[in-house]
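Working notes, structure below.
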Amino acid sequence: MGKRKDMIGKEQLRSLSRIAGKVNSVNLFSPYLTGHGYTQQERMLFAKGDSELIQVRQEQNHFTYVNHLRPGDKGGFINFLAIRMNNGVTGFSIDHYVKAAKVALKIYERVAKRLSPGGVKMKR
């Protein structure tokens with residue numbers, strides 16, 4: 001029996017879980033949003049055009065978001081990227097999620113490098 005394309009193995013699932021834990025533990029939304037054409041309305045509220053009003057929240061030591069103008073557009077930073085990589089469609093494939101996780105990890109590493117005092121590596 002062949003493997004379905006949208007299935008992932010245990011190791012890839014563990015890897016995605018580790019990546020999600022890292023990127024959601026740091027507020028990547030603020031630097032990403034301000035660097036990608038979103039206007040900060042309030043401390044944790046960002047707008048872009050007529051279709052995005054992003055509220056960032058910190059809950060139980062991780063950051064999530066909700067787009068008040070698009071039902072279903074919510075979750076962690078990886079979800080945020082995956083939805084935008086899928087042209088705003090909230091139902092995305094595991095492939096979109098994996099690609100978004102890789103992008104999120106690169107963003108995390110750039111932000112961590114900037115925040116790390118004296119070049120000391122942050123925990124992975």
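For the structure tokens, the naming scheme is as follows: chains receive sequential letters (A, B, ...) according to their order of presentation, residues are indexed from 1 within each chain, and ligands are indexed from 1 in presentation order.
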
For stretch 55-63 of chain A, list every protein, DNA or RNA residue within 9 Å, evaluated using only C-alpha atoms, and leave out those in the same chain fewer than 6 positions away; present the list as JSON, numbers by chain. {"A": [21, 23, 24, 25, 26, 27, 28, 29, 30, 43, 44, 45, 46, 47, 75, 76, 77]}

Tell me which protein, DNA and RNA residues are within 10 Å of A:Ala100, counting only C-alpha atoms, leaving out same-chain ones fewer than 4 positions away, and put them as a ChimeraX atom specification. /A:77-86,94-96,104-106

Among stretch 2-122 of chain A, which residues carry a DSSP assignment of helix (DSSP H, G or I), reported as an MDAnalysis selection string? chainID A and resid 10:24 29:35 77:85 94:115 117:119

Could you tell me, as number ranges by chain, which residues of chain A DSSP assigns to strand (DSSP E) when given the backbone? A: 39-42, 45-48, 52-59, 62-67, 74-75
